[in-house]
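Novice: One file is attached below, coords.txt, containing compact mmCIF, C-alpha atoms and all ligand atoms.
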# COMPACT_ATOMS: atom_id res chain seq x y z
CA MET S 1 0.00 0.00 0.00
CA ALA S 2 1.33 3.42 -0.86
CA ASP S 3 2.10 6.00 1.80
CA THR S 4 -0.97 8.05 2.68
CA PRO S 5 -0.62 11.56 4.08
CA LEU S 6 -2.48 12.31 7.31
CA SER S 7 -4.42 15.04 5.52
CA SER S 8 -5.76 12.72 2.82
CA LYS S 9 -9.37 13.58 1.97
CA ARG S 10 -10.03 9.96 0.95
CA MET S 11 -9.87 8.85 4.59
CA THR S 12 -12.83 9.53 6.83
CA THR S 13 -11.41 8.21 10.10
CA PRO S 14 -8.42 9.91 11.71
CA ALA S 15 -5.27 7.83 11.80
CA ILE S 16 -3.71 6.66 15.06
CA GLU S 17 0.08 6.94 15.21
CA VAL S 18 1.20 3.48 16.35
CA CYS S 19 4.98 3.91 16.59
CA PRO S 20 7.97 5.24 14.67
CA SER S 21 8.57 3.21 11.50
CA THR S 22 12.03 2.26 12.79
CA ASP S 23 10.44 0.43 15.75
CA LEU S 24 9.18 -2.31 13.42
CA VAL S 25 11.97 -4.56 12.20
CA ASP S 26 11.39 -7.23 9.57
CA GLY S 27 10.48 -10.45 11.38
CA GLY S 28 11.10 -8.76 14.76
CA LEU S 29 9.09 -8.03 17.88
CA ALA S 30 5.54 -6.79 17.50
CA HIS S 31 4.42 -3.39 18.74
CA LYS S 32 1.24 -3.83 20.79
CA LEU S 33 -1.50 -1.29 21.31
CA PRO S 34 -4.56 -1.43 23.58
CA VAL S 35 -7.79 -1.38 21.53
CA ARG S 36 -11.49 -2.11 21.91
CA HIS S 37 -13.06 -4.74 19.69
CA ALA S 38 -16.84 -5.00 19.68
CA GLY S 39 -16.75 -3.01 22.93
CA GLU S 40 -14.30 -5.39 24.64
CA ALA S 41 -10.83 -4.35 25.83
CA THR S 42 -8.04 -6.24 24.04
CA THR S 43 -4.87 -5.47 22.08
CA ALA S 44 -3.71 -5.19 18.49
CA PHE S 45 -0.20 -5.89 17.23
CA PHE S 46 1.84 -4.38 14.44
CA VAL S 47 4.76 -6.01 12.65
CA ARG S 48 6.99 -5.54 9.64
CA TYR S 49 7.27 -8.26 6.99
CA GLU S 50 9.24 -7.98 3.75
CA GLY S 51 9.58 -4.25 4.35
CA ARG S 52 5.90 -3.49 4.86
CA ALA S 53 3.97 -2.78 8.06
CA TYR S 54 0.94 -4.90 8.97
CA GLY S 55 -1.47 -4.86 11.88
CA TYR S 56 -3.82 -7.46 13.33
CA LEU S 57 -6.17 -7.85 16.22
CA ASN S 58 -4.18 -9.79 18.83
CA ARG S 59 -6.66 -12.62 18.98
CA CYS S 60 -6.06 -16.15 17.69
CA PRO S 61 -9.05 -17.55 15.78
CA HIS S 62 -8.57 -20.92 17.53
CA MET S 63 -9.58 -19.97 21.08
CA GLY S 64 -9.50 -16.18 21.07
CA SER S 65 -6.29 -16.01 23.10
CA PRO S 66 -3.64 -13.36 22.43
CA LEU S 67 -1.32 -14.51 19.67
CA ASP S 68 1.90 -13.13 21.11
CA TRP S 69 4.23 -14.08 23.92
CA GLU S 70 5.69 -10.82 25.27
CA GLY S 71 5.66 -9.32 21.77
CA HIS S 72 7.07 -12.39 20.00
CA VAL S 73 4.80 -13.34 17.10
CA PHE S 74 7.13 -14.58 14.35
CA THR S 75 8.41 -18.11 13.86
CA ARG S 76 12.15 -18.61 14.26
CA ALA S 77 12.51 -18.36 10.47
CA GLY S 78 10.62 -15.05 10.48
CA ASP S 79 8.38 -16.07 7.61
CA GLN S 80 5.16 -16.87 9.53
CA LEU S 81 3.25 -15.50 12.48
CA MET S 82 2.72 -18.14 15.14
CA CYS S 83 0.31 -18.33 18.04
CA ALA S 84 2.16 -18.82 21.32
CA ARG S 85 -0.60 -21.05 22.74
CA HIS S 86 -0.98 -24.04 20.39
CA GLY S 87 1.27 -23.10 17.48
CA ALA S 88 -1.18 -22.12 14.74
CA THR S 89 0.67 -20.31 11.94
CA PHE S 90 -0.46 -17.42 9.76
CA ARG S 91 0.78 -15.55 6.70
CA PRO S 92 2.23 -12.23 7.91
CA ASP S 93 0.92 -10.35 4.87
CA THR S 94 -2.70 -11.58 4.86
CA GLY S 95 -3.30 -13.21 8.26
CA GLU S 96 -4.47 -16.41 6.57
CA CYS S 97 -4.02 -19.50 8.75
CA THR S 98 -1.43 -21.84 7.21
CA GLY S 99 -1.26 -24.57 9.85
CA GLY S 100 -2.43 -25.70 13.27
CA PRO S 101 -5.79 -26.18 14.91
CA CYS S 102 -7.72 -23.24 13.43
CA GLN S 103 -7.70 -23.92 9.68
CA PRO S 104 -9.44 -22.51 7.72
CA SER S 105 -9.46 -19.08 9.33
CA ARG S 106 -7.52 -15.86 9.41
CA LEU S 107 -6.45 -13.10 11.75
CA SER S 108 -8.47 -9.87 11.74
CA ALA S 109 -6.41 -7.45 9.69
CA LEU S 110 -6.21 -3.75 10.49
CA LYS S 111 -5.73 -1.01 7.92
CA VAL S 112 -2.14 0.19 8.23
CA THR S 113 -0.04 2.70 6.29
CA GLU S 114 3.21 4.55 6.86
CA ALA S 115 3.80 8.27 6.45
CA GLY S 116 6.28 10.74 7.92
CA GLN S 117 8.40 7.90 9.34
CA ALA S 118 5.47 6.66 11.41
CA VAL S 119 3.25 3.58 11.34
CA LEU S 120 -0.40 4.62 11.15
CA TRP S 121 -3.53 2.65 11.97
CA TRP S 122 -6.83 3.69 10.37
CA PRO S 123 -9.55 2.30 12.69
CA GLU S 124 -12.61 0.87 10.98
CA GLY S 125 -15.28 -1.71 11.67
CA LYS S 126 -15.60 -3.07 15.21
CA THR S 127 -12.01 -2.31 16.25
CA GLU S 128 -11.36 1.13 17.73
CA PRO S 129 -8.73 2.86 19.87
CA ALA S 130 -8.94 2.10 23.61
S1 LIG T 1 -5.17 -20.30 20.81
FE1 LIG T 1 -3.86 -20.01 19.07
S2 LIG T 1 -3.51 -21.99 18.33
FE2 LIG T 1 -4.81 -22.29 20.05
Could you write out this structure as structure tokens?
Ligand code: FES
Specialist:
Amino acid sequence: MADTPLSSKRMTTPAIEVCPSTDLVDGGLAHKLPVRHAGEATTAFFVRYEGRAYGYLNRCPHMGSPLDWEGHVFTRAGDQLMCARHGATFRPDTGECTGGPCQPSRLSALKVTEAGQAVLWWPEGKTEPA
């Protein structure tokens, strides 16, 4: 996705600045943010994969548990996201489940862009800032 300036008239919801772009390293630790989903307090996580920033609701489709373990969400190879509870794996770029107990399913993706050296989240749907 191309960079989108904060003042873009195409966007109707204000962007939330998640973190500096440099905080997300390819295949590295996730940046977590408190959010509300369907009125319930939870978290979202943001990662970088193949140079691009992605964000997901931090909720595994298997049992609804948080995906991460203290911010760790990538497999050792850094090519898949992996649930810390029972090892389900997901494509980092789409959230599609690729293995484990919750196939077929996918993570809930958030709309993410980068502009001005910052990672931006554009809340929509049932997920909103806490
Ligand atoms: S809660 Fe994620 S695989 Fe079971």
Novice: With distances taken over all atoms listed in the file, which of S:Ala77, S:Leu33, S:Cys19, S:Ala130 is nearest to Asn58 of chain S?
Specialist: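 Checking each of S:Ala77, S:Leu33, S:Cys19, S:Ala130 against Asn58 of chain S, counting all atoms listed in the file, the winner is S:Leu33.
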Novice: Show which residues sit within 12 Å of Gly64 of chain S, as number ranges by chain. Count all atoms listed in the file, and ignore same-chain residues fewer than 2 positions away.
Specialist: S: 42-43, 57-62, 66-68, 83-86, 102, 106-108
Novice: Just want the 9 Å neighbourhood of Ala38 of chain S, counted on all atoms listed in the file, with same-chain residues fewer than 4 positions away dropped. Output as a PyMOL selection string.
Specialist: chain S and resi 125-128
Novice: How far is it from atom CA of Glu124 of chain S to atom CA of Val35 of chain S, in Å with one decimal?
Specialist: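 About the pair atom CA of Glu124 of chain S and atom CA of Val35 of chain S: they are 11.8 Å apart.
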Novice: Residues within 8 Å of Gly55 of chain S, please, as a PyMOL selection string. Count only C-alpha atoms; anything in the same chain fewer than 4 positions from it doesn't count.
Specialist: chain S and resi 44-47+109-112+121
Novice: Find the residues near Phe90 of chain S: any atom within 9 Å, counting only C-alpha atoms, skip ones fewer than 5 places away on the same chain, and give them as a PDB file with C-alpha atoms, in the coordinates of the input.
Specialist:
ATOM      1  CA  GLN S  80       5.160 -16.870   9.530  1.00  0.00           C
ATOM      2  CA  LEU S  81       3.250 -15.500  12.480  1.00  0.00           C
ATOM      3  CA  MET S  82       2.720 -18.140  15.140  1.00  0.00           C
ATOM      4  CA  CYS S  83       0.310 -18.330  18.040  1.00  0.00           C
ATOM      5  CA  GLY S  95      -3.300 -13.210   8.260  1.00  0.00           C
ATOM      6  CA  GLU S  96      -4.470 -16.410   6.570  1.00  0.00           C
ATOM      7  CA  CYS S  97      -4.020 -19.500   8.750  1.00  0.00           C
ATOM      8  CA  THR S  98      -1.430 -21.840   7.210  1.00  0.00           C
ATOM      9  CA  GLY S  99      -1.260 -24.570   9.850  1.00  0.00           C
ATOM     10  CA  ARG S 106      -7.520 -15.860   9.410  1.00  0.00           C
ATOM     11  CA  LEU S 107      -6.450 -13.100  11.750  1.00  0.00           C
TER      12      LEU S 107
END
Novice: If you count only C-alpha atoms, which residues fall within 10 Å of Asp23 of chain S, apart from same-chain ones fewer than 3 positions away, as JSON, numbers by chain?
Specialist: {"S": [18, 19, 20, 26, 28, 29, 30, 31, 46, 47, 48, 118, 119]}
Novice: Counting all atoms listed in the file, figure out which residue out of S:Thr13, S:Ser65, S:Thr22, S:Thr89 gets nearest to Ala53 of chain S.
Specialist: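 Of the candidates, the smallest distance to Ala53 of chain S is held by S:Thr22.
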Novice: Do you have the atom CA of Pro92 of chain S-atom CA of Phe74 of chain S distance handy?
Specialist: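 Between these atoms lies a distance of 8.4 Å.
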Novice: Considering all atoms listed in the file, can you say which of S:Gln103, S:Ser21, S:Thr113, S:Thr75 comes closest to Tyr54 of chain S?
Specialist: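 Among the listed residues, the smallest separation from Tyr54 of chain S belongs to S:Thr113.
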Novice: Expressed in Å to a single decimal, how great is the separation between atom CA of Val25 of chain S and atom CA of Trp122 of chain S?
Specialist: 20.6 Å
Novice: Would you mind telling me which residue in S:Pro129, S:Asp93, S:Gly116, S:Gly87 lies nearest to ligand LIG 1 (chain T) when using all atoms listed in the file?
Specialist: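 Closest to ligand LIG 1 (chain T), using all atoms listed in the file: S:Gly87.
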